Amino acid sequence: MQEARALSGIKPYLFADIDRKRDALASRGIDVISLGIGDPDMPTPERIVAAMVDAVRDTANHQYPDYAGSAAFRRAAADYMDRRFGVEVDPSTEVLTLIGSKEGIAHLHTAFVDPEDVVLVPSIGYPVYTTGAVLQNGQTYPMPMTEENGFLADFSVVPTDVARRAKIMFLGYPNNPTGATASPEYFDAAIAFCREHDILLAHDNAYSDLTFDGYRAPSILERPGAKDVCIEFFSLSKPFNMTGWRIGFACGSARAVAALGKVKNNSDSGQFTAIQEAGIVALTECLDEVDQMCEVYARRRDLLIDALHAIGLECESPKATIYVWAKVPEGETSESFTATLLEKAHVIVTPGSGYGPDGEGYIRLSLTTPDDRLVEAVQRMKEAMA
Ligand SMILES: *Cc1c(COP(=O)(O)O)cnc(C)c1O
């Protein structure tokens with residue numbers, strides 16, 4: 001048997017080497033603390049779980065769901081967009097339920113990318129922006145991201161002939177992994193660029209509700225004219241501790257929503273209606289719980305930042321997300337420093353280089369570890385670096 005050529009274009013799993021080292025340590029009985037993965041450690045709020053239990057018992061939910069998502073979930077998503085951002089979207093034509101936003105991001109490539117088409121991706125970003133294009137035999141063009149430009153992907157340097165061939169531009173702020181946030185002016189410039197070159201702007205807003213210090217993260221759809229060229233992805237995974245549930249939504253341009261819906265109609269049959277009913281409770285009743293989670297993450301962020309500064313690592317305090325992005329010490333690379341922390345402190349972090357070329361020289365530390373384990377990890381890093 002012969003697998004598709006496109007699959008061979010996907011590099012081996014970035015964390016395979018780290019996993020192997022971790023397993024080797026664990027097999028010797030060594031306690032390893034992971035600050036690697038961005039997967040909330042706190043449970044899904046009880047109200048959401050209770051709604052799911054009721055919905056599972058409702059036999060009407062045992063049949064095929066509405067492919068585009070239940071009307072009630074799409075309505076709840078539209079109400080959320082209005083309440084939270086003052087953005088109006090039509091639930092019947094401008095909202096689509098997703099089986100997690102990763103699913104929607106991956107399928108967006110299927111909907112828009114033909115072989116040889118270009119996808120503009122941030123040079124430090126969520127890996128599916130790139131792998132989705134590779135699976136369509138498309139090409140990616142990395143938009144530079146540097147500390148100097150606040151980790152805002154610089155589309156102004158994309159050559160005109162590349163922009164002409166580009167079908168999608170991916171952006172995501174608040175940003176995983178850098179924690180950067182974007183200004184309205186940046187979004188306006190991105191929208192103008194995409195309009196000029198007839199590019200679909202896909203904005204990944206997985207962290208809009210995980211913000212600190214009074215910062216409010218916007219929707220790109222707040223910007224004038226955005227709906228003509230933008231589709232925005234929301235995920236219930238991170239704010240509501242629902243990564244295992246697989247629920248999110250896309251909204252924005254009706255044409256983009258329809259195209260993505262067409263792909264989904266022909267590949268999945270929608271998300272379990274019971275999960276969507278639980279998702280409605282999350283979007284309509286649980287934003288207070290999210291505030292409490294933000295307090296927990298802000299506390300952990302401060303703890304981690306203090307410790308990283310104490311051992312001489314440069315990092316900024318992020319206003320959003322569940323990550324801290326830190327510079328590796330002189331003479332180290334992302335991978336060598338990741339290996340050092342694992343071997344000397346038995347702490348797992350993620351090498352920045354795994355997110356793309358401009359991530360080299362950084363590591364990402366996740367705040368999704370219980371406080372006592374985070375304190376322990378911090379202590380070990382201090383001792384290892386002393
Ligand atoms: C976690 C994450 C996603 C995927 O979320 P799901 O809804 O669980 O699929 C998408 N984008 C970014 C930037 C993420 O960090």
# chains A, B, ... in the order shown; residues from 1 in each chain; ligands from 1

call {"tool": "residues_around", "arguments": {"residues": "Gln136 of chain A", "least_positions_apart": "5", "cutoff": "12 Å", "atoms": "only C-alpha atoms", "output": "list in words"}}
result
Ala4, Arg5, Ala6, Leu7, Gly9, Ile10, Ala106, His107, Leu108, His109, Thr110, Ala111, Phe112, Val113, Asp114, Pro115, Glu116, Asp117, Val118, Val119, Tyr129, Thr130 and Thr131 of chain A

call {"tool": "residues_near_ligand", "arguments": {"ligand": "ligand 1", "cutoff": "7 Å", "atoms": "only C-alpha atoms and all ligand atoms", "output": "list of chain:residue names"}}
result
A:Gly38, A:Gly100, A:Ser101, A:Lys102, A:Glu103, A:Tyr126, A:Gly172, A:Asn175, A:Asn176, A:Asp204, A:Ala206, A:Ser235, A:Leu236, A:Ser237, A:Lys238, A:Thr243, A:Arg246, A:Ile247, A:Gly248

call {"tool": "atom_distance", "arguments": {"atom1": "atom CA of Ile220 of chain A", "atom2": "atom CA of Ala189 of chain A"}}
result
11.4 Å

call {"tool": "atom_distance", "arguments": {"atom1": "atom CA of Ala60 of chain A", "atom2": "atom CA of Phe73 of chain A"}}
result
15.4 Å

call {"tool": "select_by_dssp", "arguments": {"residues": "segment 88-233 of chain A", "states": "strand (DSSP E)", "output": "JSON, numbers by chain"}}
result
{"A": [95, 96, 97, 98, 118, 119, 120, 121, 122, 139, 140, 141, 142, 143, 166, 167, 168, 169, 170, 171, 200, 201, 202, 203, 204, 230, 231, 232, 233]}

call {"tool": "residues_around", "arguments": {"residues": "Leu98 of chain A", "least_positions_apart": "2", "cutoff": "12 Å", "atoms": "only C-alpha atoms", "output": "PyMOL selection string"}}
result
chain A and resi 66-70+73-74+77+95-96+100-108+232-237+245-251+257+260-261+263-265+268-273+275-276+279

call {"tool": "residues_around", "arguments": {"residues": "Ala55 of chain A", "least_positions_apart": "3", "cutoff": "9 Å", "atoms": "only C-alpha atoms", "output": "list in words"}}
result
Ala50, Ala51, Met52, Asp58, Thr59, Ala60, Asn61, Thr273, Ala274, Ile275, Glu277 and Ala278 of chain A

call {"tool": "residues_around", "arguments": {"residues": "segment 362-372 of chain A", "least_positions_apart": "5", "cutoff": "9 Å", "atoms": "only C-alpha atoms", "output": "MDAnalysis selection string"}}
result
chainID A and resid 33:42 177:178 296:301 304 321:328 333:335 337:338 348:353 377

call {"tool": "closest_residue", "arguments": {"among": "A:Thr160, A:Thr93, A:Ser317, A:Thr181", "to": "Ala254 of chain A", "atoms": "only C-alpha atoms"}}
result
A:Thr93

call {"tool": "residues_around", "arguments": {"residues": "Arg223 of chain A", "least_positions_apart": "6", "cutoff": "8 Å", "atoms": "only C-alpha atoms", "output": "count of residues only"}}
result
3

call {"tool": "closest_residue", "arguments": {"among": "A:Asp82, A:Ser336, A:Pro239, A:Gly244", "to": "Glu222 of chain A", "atoms": "only C-alpha atoms"}}
result
A:Asp82

call {"tool": "closest_residue", "arguments": {"among": "A:Val378, A:Ile191, A:Val87, A:Leu210", "to": "His309 of chain A", "atoms": "only C-alpha atoms"}}
result
A:Val378

call {"tool": "residues_around", "arguments": {"residues": "segment 154-157 of chain A", "least_positions_apart": "4", "cutoff": "9 Å", "atoms": "only C-alpha atoms", "output": "JSON list (two decimals) with N, CA, C and O atoms, in the first residue's frame"}}
result
[["chain", "number", "residue", "atom", "x", "y", "z"],
["A", 120, "LEU", "N", -1.11, 31.79, 3.55],
["A", 120, "LEU", "CA", -0.23, 32.65, 4.33],
["A", 120, "LEU", "C", -0.38, 32.26, 5.80],
["A", 120, "LEU", "O", -1.49, 32.32, 6.35],
["A", 122, "PRO", "N", 1.28, 32.43, 9.91],
["A", 122, "PRO", "CA", 2.22, 33.11, 10.80],
["A", 122, "PRO", "C", 3.46, 32.23, 10.96],
["A", 122, "PRO", "O", 3.34, 31.01, 11.02],
["A", 142, "PRO", "N", 5.40, 31.70, 5.12],
["A", 142, "PRO", "CA", 5.41, 32.17, 6.50],
["A", 142, "PRO", "C", 5.55, 33.69, 6.59],
["A", 142, "PRO", "O", 6.44, 34.27, 5.98],
["A", 143, "MET", "N", 4.67, 34.31, 7.32],
["A", 143, "MET", "CA", 4.74, 35.77, 7.55],
["A", 143, "MET", "C", 5.59, 35.99, 8.81],
["A", 143, "MET", "O", 5.28, 35.44, 9.86],
["A", 144, "PRO", "N", 6.67, 36.77, 8.69],
["A", 144, "PRO", "CA", 7.61, 36.92, 9.80],
["A", 144, "PRO", "C", 6.94, 37.41, 11.10],
["A", 144, "PRO", "O", 6.05, 38.25, 11.05],
["A", 145, "MET", "N", 7.40, 36.86, 12.20],
["A", 145, "MET", "CA", 6.93, 37.29, 13.52],
["A", 145, "MET", "C", 8.15, 37.48, 14.40],
["A", 145, "MET", "O", 8.91, 36.54, 14.61],
["A", 146, "THR", "N", 8.34, 38.68, 14.88],
["A", 146, "THR", "CA", 9.50, 38.95, 15.72],
["A", 146, "THR", "C", 9.07, 39.71, 16.96],
["A", 146, "THR", "O", 7.99, 40.32, 16.99],
["A", 149, "ASN", "N", 8.36, 43.40, 16.32],
["A", 149, "ASN", "CA", 7.03, 43.83, 15.85],
["A", 149, "ASN", "C", 5.90, 43.27, 16.72],
["A", 149, "ASN", "O", 4.76, 43.15, 16.28],
["A", 169, "MET", "N", -5.35, 33.58, 4.60],
["A", 169, "MET", "CA", -4.34, 34.06, 5.56],
["A", 169, "MET", "C", -4.84, 33.69, 6.95],
["A", 169, "MET", "O", -5.97, 34.00, 7.32],
["A", 190, "ALA", "N", -4.81, 44.14, 8.13],
["A", 190, "ALA", "CA", -4.90, 42.76, 7.61],
["A", 190, "ALA", "C", -6.14, 42.60, 6.73],
["A", 190, "ALA", "O", -6.09, 41.97, 5.67],
["A", 193, "PHE", "N", -5.49, 44.30, 3.42],
["A", 193, "PHE", "CA", -4.58, 43.48, 2.61],
["A", 193, "PHE", "C", -5.36, 42.33, 1.96],
["A", 193, "PHE", "O", -5.21, 42.05, 0.76]]

call {"tool": "select_by_dssp", "arguments": {"residues": "segment 84-316 of chain A", "states": "alpha helix (DSSP H)", "output": "VMD selection string"}}
result
chain A and resid 84 to 85 101 to 112 128 to 135 160 to 165 184 to 197 226 to 229 254 to 265 273 to 285 287 to 310

call {"tool": "decode", "arguments": {"residues": "segment 326-367 of chain A", "atoms": "C-alpha atoms", "output": "short mmCIF file (atom, residue, chain, number, x, y, z; two decimals), in the first residue's frame"}}
result
data_model
loop_
_atom_site.label_atom_id
_atom_site.label_comp_id
_atom_site.auth_asym_id
_atom_site.auth_seq_id
_atom_site.Cartn_x
_atom_site.Cartn_y
_atom_site.Cartn_z
CA ALA A 326 10.35 32.85 27.16
CA LYS A 327 13.72 33.39 25.50
CA VAL A 328 16.28 30.62 25.93
CA PRO A 329 19.66 31.54 27.50
CA GLU A 330 22.64 32.61 25.33
CA GLY A 331 24.23 29.68 23.57
CA GLU A 332 21.17 27.43 23.79
CA THR A 333 18.60 26.57 21.11
CA SER A 334 14.92 25.86 21.70
CA GLU A 335 15.59 22.14 21.54
CA SER A 336 18.80 22.08 23.56
CA PHE A 337 17.22 24.12 26.36
CA THR A 338 14.11 21.97 26.34
CA ALA A 339 16.38 18.95 26.72
CA THR A 340 18.35 20.65 29.52
CA LEU A 341 15.19 21.41 31.51
CA LEU A 342 13.99 17.86 31.07
CA GLU A 343 17.28 16.26 32.07
CA LYS A 344 18.24 18.58 34.93
CA ALA A 345 14.87 19.70 36.32
CA HIS A 346 12.61 16.92 35.03
CA VAL A 347 10.32 19.61 33.67
CA ILE A 348 8.81 19.45 30.19
CA VAL A 349 8.40 22.63 28.16
CA THR A 350 7.73 23.05 24.43
CA PRO A 351 10.50 24.17 22.05
CA GLY A 352 9.42 27.34 20.24
CA SER A 353 10.93 26.02 17.01
CA GLY A 354 8.08 23.51 16.85
CA TYR A 355 5.70 26.35 16.01
CA GLY A 356 7.67 27.54 13.00
CA PRO A 357 10.97 29.12 11.98
CA ASP A 358 10.70 32.35 13.99
CA GLY A 359 9.98 30.34 17.16
CA GLU A 360 13.65 29.32 17.34
CA GLY A 361 15.29 30.72 20.47
CA TYR A 362 12.15 30.48 22.59
CA ILE A 363 10.28 27.98 24.73
CA ARG A 364 6.60 27.86 25.60
CA LEU A 365 5.48 27.07 29.14
CA SER A 366 1.86 26.21 29.78
CA LEU A 367 -0.13 27.33 32.83
#
